[in-house]
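Shown here: run19.pdb, PDB, C-alpha atoms.
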ATOM      1  CA  ASN A 157     138.080 131.314  92.993
ATOM      2  CA  VAL A 158     138.820 134.694  94.576
ATOM      3  CA  ALA A 159     137.655 133.726  98.057
ATOM      4  CA  THR A 160     139.823 130.598  98.121
ATOM      5  CA  GLN A 161     142.849 132.447  96.762
ATOM      6  CA  THR A 162     142.421 135.216  99.330
ATOM      7  CA  SER A 163     142.131 132.720 102.189
ATOM      8  CA  GLN A 164     145.240 130.852 101.023
ATOM      9  CA  PHE A 165     147.180 134.101 100.661
ATOM     10  CA  ILE A 166     146.257 135.342 104.145
ATOM     11  CA  SER A 167     147.193 131.996 105.703
ATOM     12  CA  GLU A 168     150.569 131.915 103.944
ATOM     13  CA  ALA A 169     151.236 135.596 104.665
ATOM     14  CA  ILE A 170     150.720 135.061 108.401
ATOM     15  CA  GLY A 171     153.143 132.139 108.377
ATOM     16  CA  THR A 172     155.695 134.026 106.269
ATOM     17  CA  LEU A 173     155.643 137.094 108.510
ATOM     18  CA  GLY A 174     155.990 134.922 111.607
ATOM     19  CA  ARG A 175     159.037 133.118 110.214
ATOM     20  CA  ARG A 176     160.572 136.388 109.061
ATOM     21  CA  THR A 177     160.079 137.996 112.479
ATOM     22  CA  ARG A 178     161.749 135.085 114.270
ATOM     23  CA  GLY A 179     164.457 134.564 111.634
ATOM     24  CA  GLU A 180     165.690 131.374 113.296
ATOM     25  CA  GLN A 181     167.400 128.569 111.398
ATOM     26  CA  LYS A 182     164.319 126.382 111.688
ATOM     27  CA  ASP A 183     162.385 129.105 109.868
ATOM     28  CA  LYS A 184     164.804 128.853 106.937
ATOM     29  CA  ASP A 185     164.856 125.060 106.719
ATOM     30  CA  ILE A 186     162.737 123.128 104.236
ATOM     31  CA  TRP A 187     161.653 119.526 104.278
ATOM     32  CA  ILE A 188     164.545 118.354 102.093
ATOM     33  CA  THR A 189     167.201 118.074 104.778
ATOM     34  CA  ASP A 190     168.673 114.594 104.403
ATOM     35  CA  ARG A 191     171.980 114.665 102.498
ATOM     36  CA  ALA A 192     171.092 111.243 101.120
ATOM     37  CA  SER A 193     168.181 112.743  99.174
ATOM     38  CA  PRO A 194     168.646 113.044  95.402
ATOM     39  CA  SER A 195     171.311 115.478  94.205
ATOM     40  CA  LEU A 196     168.719 117.094  91.932
ATOM     41  CA  TYR A 197     168.259 119.714  94.646
ATOM     42  CA  PRO A 198     171.555 121.588  95.298
ATOM     43  CA  ASP A 199     172.430 122.912  98.734
ATOM     44  CA  TYR A 200     171.778 126.522  97.703
ATOM     45  CA  TYR A 201     168.187 125.564  96.827
ATOM     46  CA  ARG A 202     167.428 124.009 100.209
ATOM     47  CA  THR A 203     166.268 127.111 102.018
ATOM     48  CA  ALA A 204     162.897 128.757 102.532
ATOM     49  CA  PHE A 205     163.401 131.666 100.145
ATOM     50  CA  HIS A 206     161.279 134.678 101.161
ATOM     51  CA  TYR A 207     160.378 132.677 104.302
ATOM     52  CA  GLN A 208     157.705 130.953 102.199
ATOM     53  CA  THR A 209     156.451 127.592 103.439
ATOM     54  CA  ASP A 210     159.293 125.236 102.437
ATOM     55  CA  GLY A 211     160.629 127.805  99.977
ATOM     56  CA  TRP A 212     160.065 126.618  96.419
ATOM     57  CA  MET A 213     159.302 123.081  97.572
ATOM     58  CA  SER A 214     155.645 123.261  98.552
ATOM     59  CA  LYS A 215     152.274 123.454  96.881
ATOM     60  CA  LYS A 216     151.238 125.950  99.534
ATOM     61  CA  SER A 217     153.760 128.555  98.377
ATOM     62  CA  ALA A 218     153.104 127.812  94.691
ATOM     63  CA  ASP A 219     149.368 128.354  95.137
ATOM     64  CA  VAL A 220     149.808 131.916  96.422
ATOM     65  CA  TYR A 221     153.057 132.990  94.748
ATOM     66  CA  GLU A 222     151.445 135.189  92.094
ATOM     67  CA  THR A 223     149.219 136.971  94.618
ATOM     68  CA  SER A 224     152.138 137.360  97.028
ATOM     69  CA  THR A 225     154.498 138.940  94.506
ATOM     70  CA  GLU A 226     151.850 141.282  93.137
ATOM     71  CA  THR A 227     151.170 142.397  96.710
ATOM     72  CA  LEU A 228     154.870 142.803  97.534
ATOM     73  CA  PHE A 229     155.522 144.930  94.453
ATOM     74  CA  LEU A 230     152.283 146.920  94.766
ATOM     75  CA  GLY A 231     150.730 145.501  91.619
ATOM     76  CA  ARG A 232     153.822 146.040  89.451
ATOM     77  CA  GLN A 233     155.100 142.458  89.174
ATOM     78  CA  ASP A 234     153.444 141.670  85.843
ATOM     79  CA  SER A 235     154.520 144.954  84.293
ATOM     80  CA  MET A 236     158.136 144.417  85.411
ATOM     81  CA  GLN A 237     158.188 140.977  83.829
ATOM     82  CA  ARG A 238     156.644 142.256  80.604
ATOM     83  CA  THR A 239     159.740 144.382  79.958
ATOM     84  CA  SER A 240     161.223 141.136  78.612
ATOM     85  CA  LEU A 241     158.619 140.787  75.859
ATOM     86  CA  PRO A 242     159.783 143.312  73.204
ATOM     87  CA  ALA A 243     163.100 141.523  72.605
ATOM     88  CA  LEU A 244     161.321 138.187  72.206
ATOM     89  CA  VAL A 245     158.804 139.663  69.778
ATOM     90  CA  ALA A 246     161.657 141.264  67.809
ATOM     91  CA  GLN A 247     163.370 137.883  67.546
ATOM     92  CA  SER A 248     160.155 136.274  66.297
ATOM     93  CA  LYS A 249     159.902 138.901  63.554
ATOM     94  CA  LYS A 250     163.465 138.117  62.450
ATOM     95  CA  LEU A 251     162.387 134.490  61.998
ATOM     96  CA  ALA A 252     159.101 135.317  60.247
ATOM     97  CA  GLY A 253     160.328 134.002  56.894
ATOM     98  CA  ASP A 254     161.516 130.649  58.235
ATOM     99  CA  GLU A 255     159.421 127.582  57.549
ATOM    100  CA  ARG A 256     160.139 126.041  60.937
ATOM    101  CA  PRO A 257     158.496 127.227  64.170
ATOM    102  CA  MET A 258     160.372 129.416  66.624
ATOM    103  CA  LYS A 259     161.842 127.546  69.598
ATOM    104  CA  VAL A 260     161.925 129.237  73.004
ATOM    105  CA  LEU A 261     163.333 128.108  76.348
ATOM    106  CA  GLU A 262     162.398 129.705  79.647
ATOM    107  CA  VAL A 263     164.816 129.027  82.491
ATOM    108  CA  ALA A 264     163.300 128.976  86.011
ATOM    109  CA  ALA A 265     159.704 129.349  84.827
ATOM    110  CA  GLY A 266     158.099 129.191  88.262
ATOM    111  CA  THR A 267     154.302 129.142  88.113
ATOM    112  CA  GLY A 268     154.312 129.814  84.368
ATOM    113  CA  ARG A 269     152.409 133.090  84.558
ATOM    114  CA  PHE A 270     155.091 134.939  82.583
ATOM    115  CA  MET A 271     155.172 131.997  80.165
ATOM    116  CA  THR A 272     151.566 132.755  79.224
ATOM    117  CA  PHE A 273     152.511 136.380  78.498
ATOM    118  CA  VAL A 274     155.297 135.222  76.204
ATOM    119  CA  ARG A 275     153.194 132.634  74.401
ATOM    120  CA  ASP A 276     150.429 135.179  73.902
ATOM    121  CA  SER A 277     152.920 137.535  72.218
ATOM    122  CA  LEU A 278     154.535 135.033  69.840
ATOM    123  CA  PRO A 279     153.242 133.046  66.852
ATOM    124  CA  LEU A 280     150.905 130.274  67.975
ATOM    125  CA  ASP A 281     153.100 127.567  66.443
ATOM    126  CA  THR A 282     156.033 128.550  68.687
ATOM    127  CA  GLU A 283     157.564 125.536  70.425
ATOM    128  CA  TYR A 284     157.948 126.501  74.078
ATOM    129  CA  ALA A 285     160.021 124.661  76.667
ATOM    130  CA  ALA A 286     160.245 125.673  80.312
ATOM    131  CA  VAL A 287     162.423 124.308  83.101
ATOM    132  CA  ASP A 288     162.170 124.681  86.852
ATOM    133  CA  LEU A 289     163.450 122.712  89.841
ATOM    134  CA  SER A 290     160.213 122.714  91.805
ATOM    135  CA  PRO A 291     157.632 120.067  90.886
ATOM    136  CA  TYR A 292     155.026 122.130  92.726
ATOM    137  CA  TYR A 293     155.669 125.215  90.639
ATOM    138  CA  LEU A 294     155.836 123.159  87.460
ATOM    139  CA  ASP A 295     152.401 121.795  88.275
ATOM    140  CA  ALA A 296     151.129 125.369  88.623
ATOM    141  CA  ALA A 297     152.800 126.168  85.286
ATOM    142  CA  ARG A 298     150.997 123.228  83.662
ATOM    143  CA  ALA A 299     147.669 124.564  84.915
ATOM    144  CA  ASN A 300     148.453 128.089  83.730
ATOM    145  CA  ASP A 301     149.489 126.808  80.309
ATOM    146  CA  GLU A 302     146.337 124.730  79.981
ATOM    147  CA  TYR A 303     144.156 127.706  80.953
ATOM    148  CA  TRP A 304     145.959 130.002  78.495
ATOM    149  CA  ARG A 305     145.634 127.546  75.600
ATOM    150  CA  LYS A 306     141.909 127.152  76.242
ATOM    151  CA  SER A 307     141.371 130.913  76.474
ATOM    152  CA  ARG A 308     143.437 131.634  73.366
ATOM    153  CA  ARG A 309     141.574 129.004  71.317
ATOM    154  CA  GLU A 310     138.262 130.531  72.343
ATOM    155  CA  GLU A 311     139.513 133.993  71.394
ATOM    156  CA  GLU A 312     140.729 132.807  67.989
ATOM    157  CA  ASN A 313     137.408 131.077  67.293
ATOM    158  CA  ARG A 314     135.392 134.139  68.307
ATOM    159  CA  ASN A 315     137.389 136.019  65.694
ATOM    160  CA  GLY A 316     136.475 133.597  62.933
ATOM    161  CA  GLY A 317     139.021 130.850  63.496
ATOM    162  CA  ASN A 318     138.404 127.135  63.584
ATOM    163  CA  MET A 319     140.889 125.905  66.163
ATOM    164  CA  GLY A 320     140.623 122.482  67.718
ATOM    165  CA  ARG A 321     141.872 121.325  71.107
ATOM    166  CA  ASP A 322     145.277 120.267  69.774
ATOM    167  CA  ASP A 323     145.969 123.217  67.461
ATOM    168  CA  ILE A 324     148.050 125.001  70.098
ATOM    169  CA  LYS A 325     150.659 122.646  71.467
ATOM    170  CA  PRO A 326     151.223 122.551  75.223
ATOM    171  CA  ALA A 327     154.507 123.818  76.545
ATOM    172  CA  ARG A 328     157.161 121.243  77.418
ATOM    173  CA  LEU A 329     157.586 121.500  81.194
ATOM    174  CA  ILE A 330     160.757 119.883  82.484
ATOM    175  CA  GLN A 331     162.169 119.541  85.993
ATOM    176  CA  ALA A 332     165.840 120.401  85.702
ATOM    177  CA  GLN A 333     168.645 122.486  87.133
ATOM    178  CA  ALA A 334     169.363 125.711  85.288
ATOM    179  CA  GLU A 335     173.077 124.891  85.534
ATOM    180  CA  ASN A 336     172.561 121.504  83.884
ATOM    181  CA  LEU A 337     170.028 121.973  81.092
ATOM    182  CA  PRO A 338     168.865 118.706  79.454
ATOM    183  CA  PHE A 339     169.076 119.955  75.867
ATOM    184  CA  GLU A 340     171.398 119.623  72.897
ATOM    185  CA  ASP A 341     173.653 122.479  71.816
ATOM    186  CA  GLU A 342     172.302 125.417  69.812
ATOM    187  CA  ILE A 343     168.655 124.428  69.458
ATOM    188  CA  PHE A 344     166.738 127.470  70.795
ATOM    189  CA  ASP A 345     166.069 130.710  68.943
ATOM    190  CA  ALA A 346     165.489 132.515  72.218
ATOM    191  CA  VAL A 347     166.259 131.816  75.862
ATOM    192  CA  VAL A 348     164.568 133.881  78.543
ATOM    193  CA  CYS A 349     165.468 134.032  82.229
ATOM    194  CA  VAL A 350     163.498 136.234  84.618
ATOM    195  CA  TYR A 351     164.321 136.788  88.308
ATOM    196  CA  LEU A 352     166.610 133.805  88.831
ATOM    197  CA  TYR A 353     170.159 135.121  89.263
ATOM    198  CA  HIS A 354     169.598 136.937  92.567
ATOM    199  CA  GLU A 355     168.777 133.555  94.138
ATOM    200  CA  LEU A 356     171.981 131.851  92.984
ATOM    201  CA  PRO A 357     175.519 131.772  94.361
ATOM    202  CA  ARG A 358     178.019 133.536  92.095
ATOM    203  CA  ASP A 359     179.650 130.350  90.797
ATOM    204  CA  VAL A 360     176.250 128.944  89.855
ATOM    205  CA  ARG A 361     175.392 132.165  87.986
ATOM    206  CA  ALA A 362     178.459 131.533  85.863
ATOM    207  CA  LYS A 363     177.396 127.944  85.164
ATOM    208  CA  VAL A 364     173.846 128.957  84.250
ATOM    209  CA  SER A 365     175.192 131.625  81.890
ATOM    210  CA  ALA A 366     177.324 129.004  80.159
ATOM    211  CA  GLU A 367     174.406 126.604  79.850
ATOM    212  CA  MET A 368     172.083 129.212  78.370
ATOM    213  CA  ALA A 369     174.766 130.185  75.860
ATOM    214  CA  ARG A 370     175.311 126.531  74.977
ATOM    215  CA  VAL A 371     171.687 125.807  74.043
ATOM    216  CA  LEU A 372     171.174 129.118  72.220
ATOM    217  CA  ARG A 373     171.566 129.222  68.440
ATOM    218  CA  GLN A 374     174.340 131.400  67.019
ATOM    219  CA  ASP A 375     171.751 133.891  65.756
ATOM    220  CA  GLY A 376     169.574 133.555  68.845
ATOM    221  CA  THR A 377     168.550 136.065  71.505
ATOM    222  CA  LEU A 378     169.045 135.784  75.263
ATOM    223  CA  VAL A 379     166.569 137.827  77.279
ATOM    224  CA  PHE A 380     167.668 138.394  80.881
ATOM    225  CA  THR A 381     165.665 140.293  83.492
ATOM    226  CA  ASP A 382     166.402 140.629  87.197
ATOM    227  CA  SER A 383     166.700 143.046  90.099
ATOM    228  CA  ILE A 384     168.647 146.270  89.897
ATOM    229  CA  GLN A 385     172.174 146.231  91.337
ATOM    230  CA  LEU A 386     174.215 148.555  93.468
ATOM    231  CA  GLY A 387     174.831 151.782  91.594
ATOM    232  CA  ASP A 388     172.029 151.366  89.066
ATOM    233  CA  ARG A 389     169.907 153.807  91.048
ATOM    234  CA  PRO A 390     172.123 155.135  93.884
ATOM    235  CA  ALA A 391     169.188 156.550  95.817
ATOM    236  CA  LEU A 392     167.896 152.991  96.290
ATOM    237  CA  ASP A 393     171.206 151.356  97.259
ATOM    238  CA  GLU A 394     170.604 151.514 100.996
ATOM    239  CA  GLY A 395     167.206 149.873 100.665
ATOM    240  CA  LEU A 396     168.490 146.893  98.682
ATOM    241  CA  ALA A 397     169.949 145.303 101.804
ATOM    242  CA  ARG A 398     166.444 144.869 103.193
ATOM    243  CA  PHE A 399     165.747 142.096 100.697
ATOM    244  CA  GLU A 400     168.457 139.979 102.308
ATOM    245  CA  GLY A 401     166.339 140.092 105.458
ATOM    246  CA  MET A 402     163.641 138.193 103.551
ATOM    247  CA  ASN A 403     165.909 135.133 103.446
ATOM    248  CA  GLU A 404     167.517 135.998 100.144
ATOM    249  CA  PRO A 405     170.981 134.698 101.090
ATOM    250  CA  TYR A 406     172.658 135.513  97.754
ATOM    251  CA  TYR A 407     170.975 138.822  97.034
ATOM    252  CA  MET A 408     173.676 141.268  98.144
ATOM    253  CA  ASP A 409     176.363 139.244  96.366
ATOM    254  CA  TYR A 410     174.178 139.421  93.267
ATOM    255  CA  CYS A 411     173.880 143.189  93.696
ATOM    256  CA  ALA A 412     177.681 143.515  93.597
ATOM    257  CA  ASP A 413     178.329 140.914  90.882
ATOM    258  CA  ASP A 414     179.589 141.800  87.403
ATOM    259  CA  LEU A 415     176.718 140.324  85.428
ATOM    260  CA  PRO A 416     177.936 141.317  81.933
ATOM    261  CA  ALA A 417     181.187 139.457  82.620
ATOM    262  CA  HIS A 418     179.311 136.168  83.091
ATOM    263  CA  PHE A 419     177.779 136.475  79.640
ATOM    264  CA  GLU A 420     180.871 137.852  77.910
ATOM    265  CA  LYS A 421     182.968 134.937  79.174
ATOM    266  CA  VAL A 422     180.691 132.479  77.361
ATOM    267  CA  GLY A 423     180.652 134.396  74.095
ATOM    268  CA  LEU A 424     177.400 136.349  74.407
ATOM    269  CA  GLU A 425     177.249 139.986  73.361
TER     270      GLU A 425
END

Take the structure in this file and express it as structure tokens.
Amino acid sequence: NVATQTSQFISEAIGTLGRRTRGEQKDKDIWITDRASPSLYPDYYRTAFHYQTDGWMSKKSADVYETSTETLFLGRQDSMQRTSLPALVAQSKKLAGDERPMKVLEVAAGTGRFMTFVRDSLPLDTEYAAVDLSPYYLDAARANDEYWRKSRREEENRNGGNMGRDDIKPARLIQAQAENLPFEDEIFDAVVCVYLYHELPRDVRAKVSAEMARVLRQDGTLVFTDSIQLGDRPALDEGLARFEGMNEPYYMDYCADDLPAHFEKVGLE
């Protein structure tokens, strides 16, 4: 409920601001510190991004992520993410005559909030897969997907439909690295990636680009959305460096990276 969410947000915000103010190494560390722990979590991932509690590796940060980002971006987070929707809808219209359902992959799905926007915009028989490294955020994505499916069924039935519990399939939620996707070649009609690249080292961006190209069908669409870069809006260039102060260790390298080159090298246009 709203009261619980507000209390959780305030508690996490106080902790986040305290860690950011101190900026010590202990404030950037997360609980996965032992090098003997599974290699599923790469070194670049083992930091408290945004000075959140244990970065992406805690239920506490997952529970308040949506509220936190909407607050940070002054209520514009959802609208920024929705800029990815028109290309996905256009791809679905291209496939309208096919007998098989559209297949979509979301890379780094986080809490799954954007996933519900996508699923709400595409045909209801769309087969949706989503990967993320955090089990805590995947659990939030599962809850968001379940809530969306229930709400959409109720809406369809109010409008004269007769949908049962299993008529809208749940999304496939998979814990995996974006640079090592557990899928066969050329099986998705669309791959979408929102706000991931600025949190990756440059060499990993190249690997993720190659993986997304590998699993995308020849006639498929890649939808990529992320932060602006240096020179996109020169008046904002000076302010971009402030994001690095929020424990975004790869952000300024991202801002200077040649993103089109990553995609061109793997055959995407």

Margin query: Ranking A:Glu255, A:Pro242, A:Arg298, A:Glu394 by minimum distance to A:Ser277 and counting all atoms listed in the file, which one comes first?
Written below: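 Once distances to A:Ser277 are computed over all atoms listed in the file, the minimum belongs to A:Pro242.
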
Next item on the list: Name the residues in contact with A:Met213 at a cut-off of 9 Å, using all atoms listed in the file, excluding same-chain residues fewer than 6 positions from it; report them as a PyMOL selection string.
Entry: chain A and resi 186-188+202+204+289-293

Note to self: I'd like to see the residues matched by the PyMOL selection byres ((chain A and resi 299) around 12) on this file, and ideally I'd get them as a ChimeraX atom specification.
What the structure shows: /A:218-219,266-269,271-272,292-298,300-306,326-327,329

Margin query: Could you list, as a ChimeraX atom specification, every residue within 9 Å of A:Lys184, counting only C-alpha atoms and ignoring same-chain residues fewer than 4 positions away?
Written below: /A:175-176,179-180,202-208,210-211,403

Item checked: Best match for closeness to A:Ala362 among A:Glu420, A:Asp234, A:Asp276, A:Asp185, counting only C-alpha atoms ->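 Of A:Glu420, A:Asp234, A:Asp276, A:Asp185, the one nearest A:Ala362 is A:Glu420, counting only C-alpha atoms.
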
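When the distance limit is 9 Å and all atoms listed in the file are what count, the residues near A:Ser240, minus those fewer than 6 positions from it on the same chain, are Val274, Val348, Val350, Val379, Phe380 and Thr381 of chain A.
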
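Comparing A:Arg178, A:Lys363, A:Lys421, A:Arg370 by their smallest distance to A:Ala334, the closest is A:Lys363 (using all atoms listed in the file).
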
Next item on the list: Apply the PyMOL selection byres ((chain A and resi 333) around 10) to the structure shown and report the selected residues as a PyMOL selection string.
Entry: chain A and resi 196-198+263-264+287-290+330-332+334-338+364

Next item on the list: Work out how far atom CA of A:Gln374 is from atom CA of A:Leu424, in Å to one decimal.
Entry: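 Here the two named atoms are 9.4 Å from each other.
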
Notebook entry, point to check: How many Å separate atom CA of A:Gly387 from atom CA of A:Gln237?
Noted result: 21.3 Å

Next item on the list: For the file shown, report as a PyMOL selection string the outcome of the PyMOL selection byres ((chain A and resi 284) around 9) at residue level.
Entry: chain A and resi 258-262+271+275+282-283+285-286+325-329

Item checked: Surrounding residues of A:Leu278 excluding itself and chain neighbours under 6 positions, 8 Å, only C-alpha atoms, as JSON, numbers by chain -> {"A": [244, 245, 248]}

Print the selection's residues with C-alpha atoms to a file, as a PDB file, in the frame of the given file.
ATOM      1  CA  LEU A 244     161.321 138.187  72.206  1.00  0.00           C
ATOM      2  CA  VAL A 245     158.804 139.663  69.778  1.00  0.00           C
ATOM      3  CA  SER A 248     160.155 136.274  66.297  1.00  0.00           C
TER       4      SER A 248
END

Note to self: Report, in Å to a single decimal, how far apart atom CA of A:Val360 and atom CA of A:Val422 are.
What the structure shows: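 Going from atom CA of A:Val422 over to atom CA of A:Val360, I get 13.7 Å.
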
Notebook entry, point to check: When distances are computed from only C-alpha atoms, which of A:Met368, A:Ala265, A:Leu251, A:Leu415 shows the smallest separation from A:Leu352?
Noted result: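 Among the listed residues, the smallest separation from A:Leu352 belongs to A:Ala265.
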
Next item on the list: Measuring atom to atom with all atoms listed in the file, identify which of A:Lys182, A:His354, A:Arg389, A:Lys250 is nearest to A:Glu404.
Entry: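 That would be A:His354, the residue with the smallest distance to A:Glu404.
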
Checklist line | Closest of A:Glu168, A:Arg238, A:Phe344, A:Val220 to A:Asp382 - atom-to-atom distances counting all atoms listed in the file | finding: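 Looking at the shortest contact to A:Asp382, the residue is A:Arg238.
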
Please enclose the listed atoms of stretch 194-200 of chain A in an axis-aligned box, pad each side by 4 Å, and write out the centre and the three edge lengths in Å, rounded to one decimal, as JSON.
{"center_x": 170.3, "center_y": 119.8, "center_z": 95.3, "size_x": 12.2, "size_y": 21.5, "size_z": 14.8}

Can you rebuild stretch 178-207 of chain A with N, CA and C atoms and give it as a JSON list (two decimals), in the coordinates of the input?
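And here is the file that came out, out-v3.json:
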[["chain", "number", "residue", "atom", "x", "y", "z"],
["A", 178, "ARG", "N", 160.85, 135.90, 113.44],
["A", 178, "ARG", "CA", 161.75, 135.08, 114.27],
["A", 178, "ARG", "C", 163.13, 134.98, 113.64],
["A", 179, "GLY", "N", 163.19, 134.65, 112.36],
["A", 179, "GLY", "CA", 164.46, 134.56, 111.63],
["A", 179, "GLY", "C", 165.39, 133.49, 112.14],
["A", 180, "GLU", "N", 164.84, 132.44, 112.78],
["A", 180, "GLU", "CA", 165.69, 131.37, 113.30],
["A", 180, "GLU", "C", 166.01, 130.38, 112.18],
["A", 181, "GLN", "N", 167.00, 129.53, 112.43],
["A", 181, "GLN", "CA", 167.40, 128.57, 111.40],
["A", 181, "GLN", "C", 166.24, 127.66, 111.01],
["A", 182, "LYS", "N", 165.44, 127.27, 111.99],
["A", 182, "LYS", "CA", 164.32, 126.38, 111.69],
["A", 182, "LYS", "C", 163.32, 127.05, 110.75],
["A", 183, "ASP", "N", 163.29, 128.39, 110.76],
["A", 183, "ASP", "CA", 162.38, 129.10, 109.87],
["A", 183, "ASP", "C", 162.91, 129.15, 108.44],
["A", 184, "LYS", "N", 164.19, 128.85, 108.27],
["A", 184, "LYS", "CA", 164.80, 128.85, 106.94],
["A", 184, "LYS", "C", 164.91, 127.45, 106.35],
["A", 185, "ASP", "N", 164.74, 126.45, 107.18],
["A", 185, "ASP", "CA", 164.86, 125.06, 106.72],
["A", 185, "ASP", "C", 163.64, 124.65, 105.91],
["A", 186, "ILE", "N", 163.84, 123.73, 104.97],
["A", 186, "ILE", "CA", 162.74, 123.13, 104.24],
["A", 186, "ILE", "C", 162.76, 121.63, 104.48],
["A", 187, "TRP", "N", 161.79, 120.94, 103.93],
["A", 187, "TRP", "CA", 161.65, 119.53, 104.28],
["A", 187, "TRP", "C", 162.73, 118.65, 103.66],
["A", 188, "ILE", "N", 163.43, 119.14, 102.66],
["A", 188, "ILE", "CA", 164.54, 118.35, 102.09],
["A", 188, "ILE", "C", 165.79, 118.66, 102.92],
["A", 189, "THR", "N", 166.06, 117.84, 103.90],
["A", 189, "THR", "CA", 167.20, 118.07, 104.78],
["A", 189, "THR", "C", 168.22, 116.94, 104.75],
["A", 190, "ASP", "N", 167.79, 115.76, 104.38],
["A", 190, "ASP", "CA", 168.67, 114.59, 104.40],
["A", 190, "ASP", "C", 169.66, 114.66, 103.24],
["A", 191, "ARG", "N", 170.95, 114.59, 103.53],
["A", 191, "ARG", "CA", 171.98, 114.66, 102.50],
["A", 191, "ARG", "C", 171.93, 113.46, 101.57],
["A", 192, "ALA", "N", 171.21, 112.42, 101.98],
["A", 192, "ALA", "CA", 171.09, 111.24, 101.12],
["A", 192, "ALA", "C", 170.00, 111.42, 100.07],
["A", 193, "SER", "N", 169.23, 112.51, 100.16],
["A", 193, "SER", "CA", 168.18, 112.74, 99.17],
["A", 193, "SER", "C", 168.81, 113.07, 97.83],
["A", 194, "PRO", "N", 168.08, 112.90, 96.75],
["A", 194, "PRO", "CA", 168.65, 113.04, 95.40],
["A", 194, "PRO", "C", 169.39, 114.36, 95.20],
["A", 195, "SER", "N", 170.47, 114.30, 94.44],
["A", 195, "SER", "CA", 171.31, 115.48, 94.20],
["A", 195, "SER", "C", 170.66, 116.46, 93.25],
["A", 196, "LEU", "N", 169.43, 116.17, 92.81],
["A", 196, "LEU", "CA", 168.72, 117.09, 91.93],
["A", 196, "LEU", "C", 168.57, 118.46, 92.60],
["A", 197, "TYR", "N", 168.46, 118.46, 93.93],
["A", 197, "TYR", "CA", 168.26, 119.71, 94.65],
["A", 197, "TYR", "C", 169.57, 120.15, 95.31],
["A", 198, "PRO", "N", 170.27, 121.14, 94.74],
["A", 198, "PRO", "CA", 171.56, 121.59, 95.30],
["A", 198, "PRO", "C", 171.38, 122.22, 96.67],
["A", 199, "ASP", "N", 172.48, 122.33, 97.39],
["A", 199, "ASP", "CA", 172.43, 122.91, 98.73],
["A", 199, "ASP", "C", 171.86, 124.33, 98.72],
["A", 200, "TYR", "N", 172.24, 125.13, 97.71],
["A", 200, "TYR", "CA", 171.78, 126.52, 97.70],
["A", 200, "TYR", "C", 170.25, 126.62, 97.57],
["A", 201, "TYR", "N", 169.63, 125.56, 97.06],
["A", 201, "TYR", "CA", 168.19, 125.56, 96.83],
["A", 201, "TYR", "C", 167.40, 125.17, 98.08],
["A", 202, "ARG", "N", 168.10, 124.59, 99.05],
["A", 202, "ARG", "CA", 167.43, 124.01, 100.21],
["A", 202, "ARG", "C", 167.27, 125.03, 101.33],
["A", 203, "THR", "N", 166.58, 126.10, 101.02],
["A", 203, "THR", "CA", 166.27, 127.11, 102.02],
["A", 203, "THR", "C", 164.89, 127.68, 101.71],
["A", 204, "ALA", "N", 164.25, 128.21, 102.71],
["A", 204, "ALA", "CA", 162.90, 128.76, 102.53],
["A", 204, "ALA", "C", 162.99, 130.19, 102.03],
["A", 205, "PHE", "N", 163.32, 130.34, 100.74],
["A", 205, "PHE", "CA", 163.40, 131.67, 100.14],
["A", 205, "PHE", "C", 162.14, 132.46, 100.48],
["A", 206, "HIS", "N", 162.36, 133.75, 100.82],
["A", 206, "HIS", "CA", 161.28, 134.68, 101.16],
["A", 206, "HIS", "C", 160.54, 134.27, 102.44],
["A", 207, "TYR", "N", 161.06, 133.26, 103.14],
["A", 207, "TYR", "CA", 160.38, 132.68, 104.30],
["A", 207, "TYR", "C", 159.04, 132.06, 103.92]]
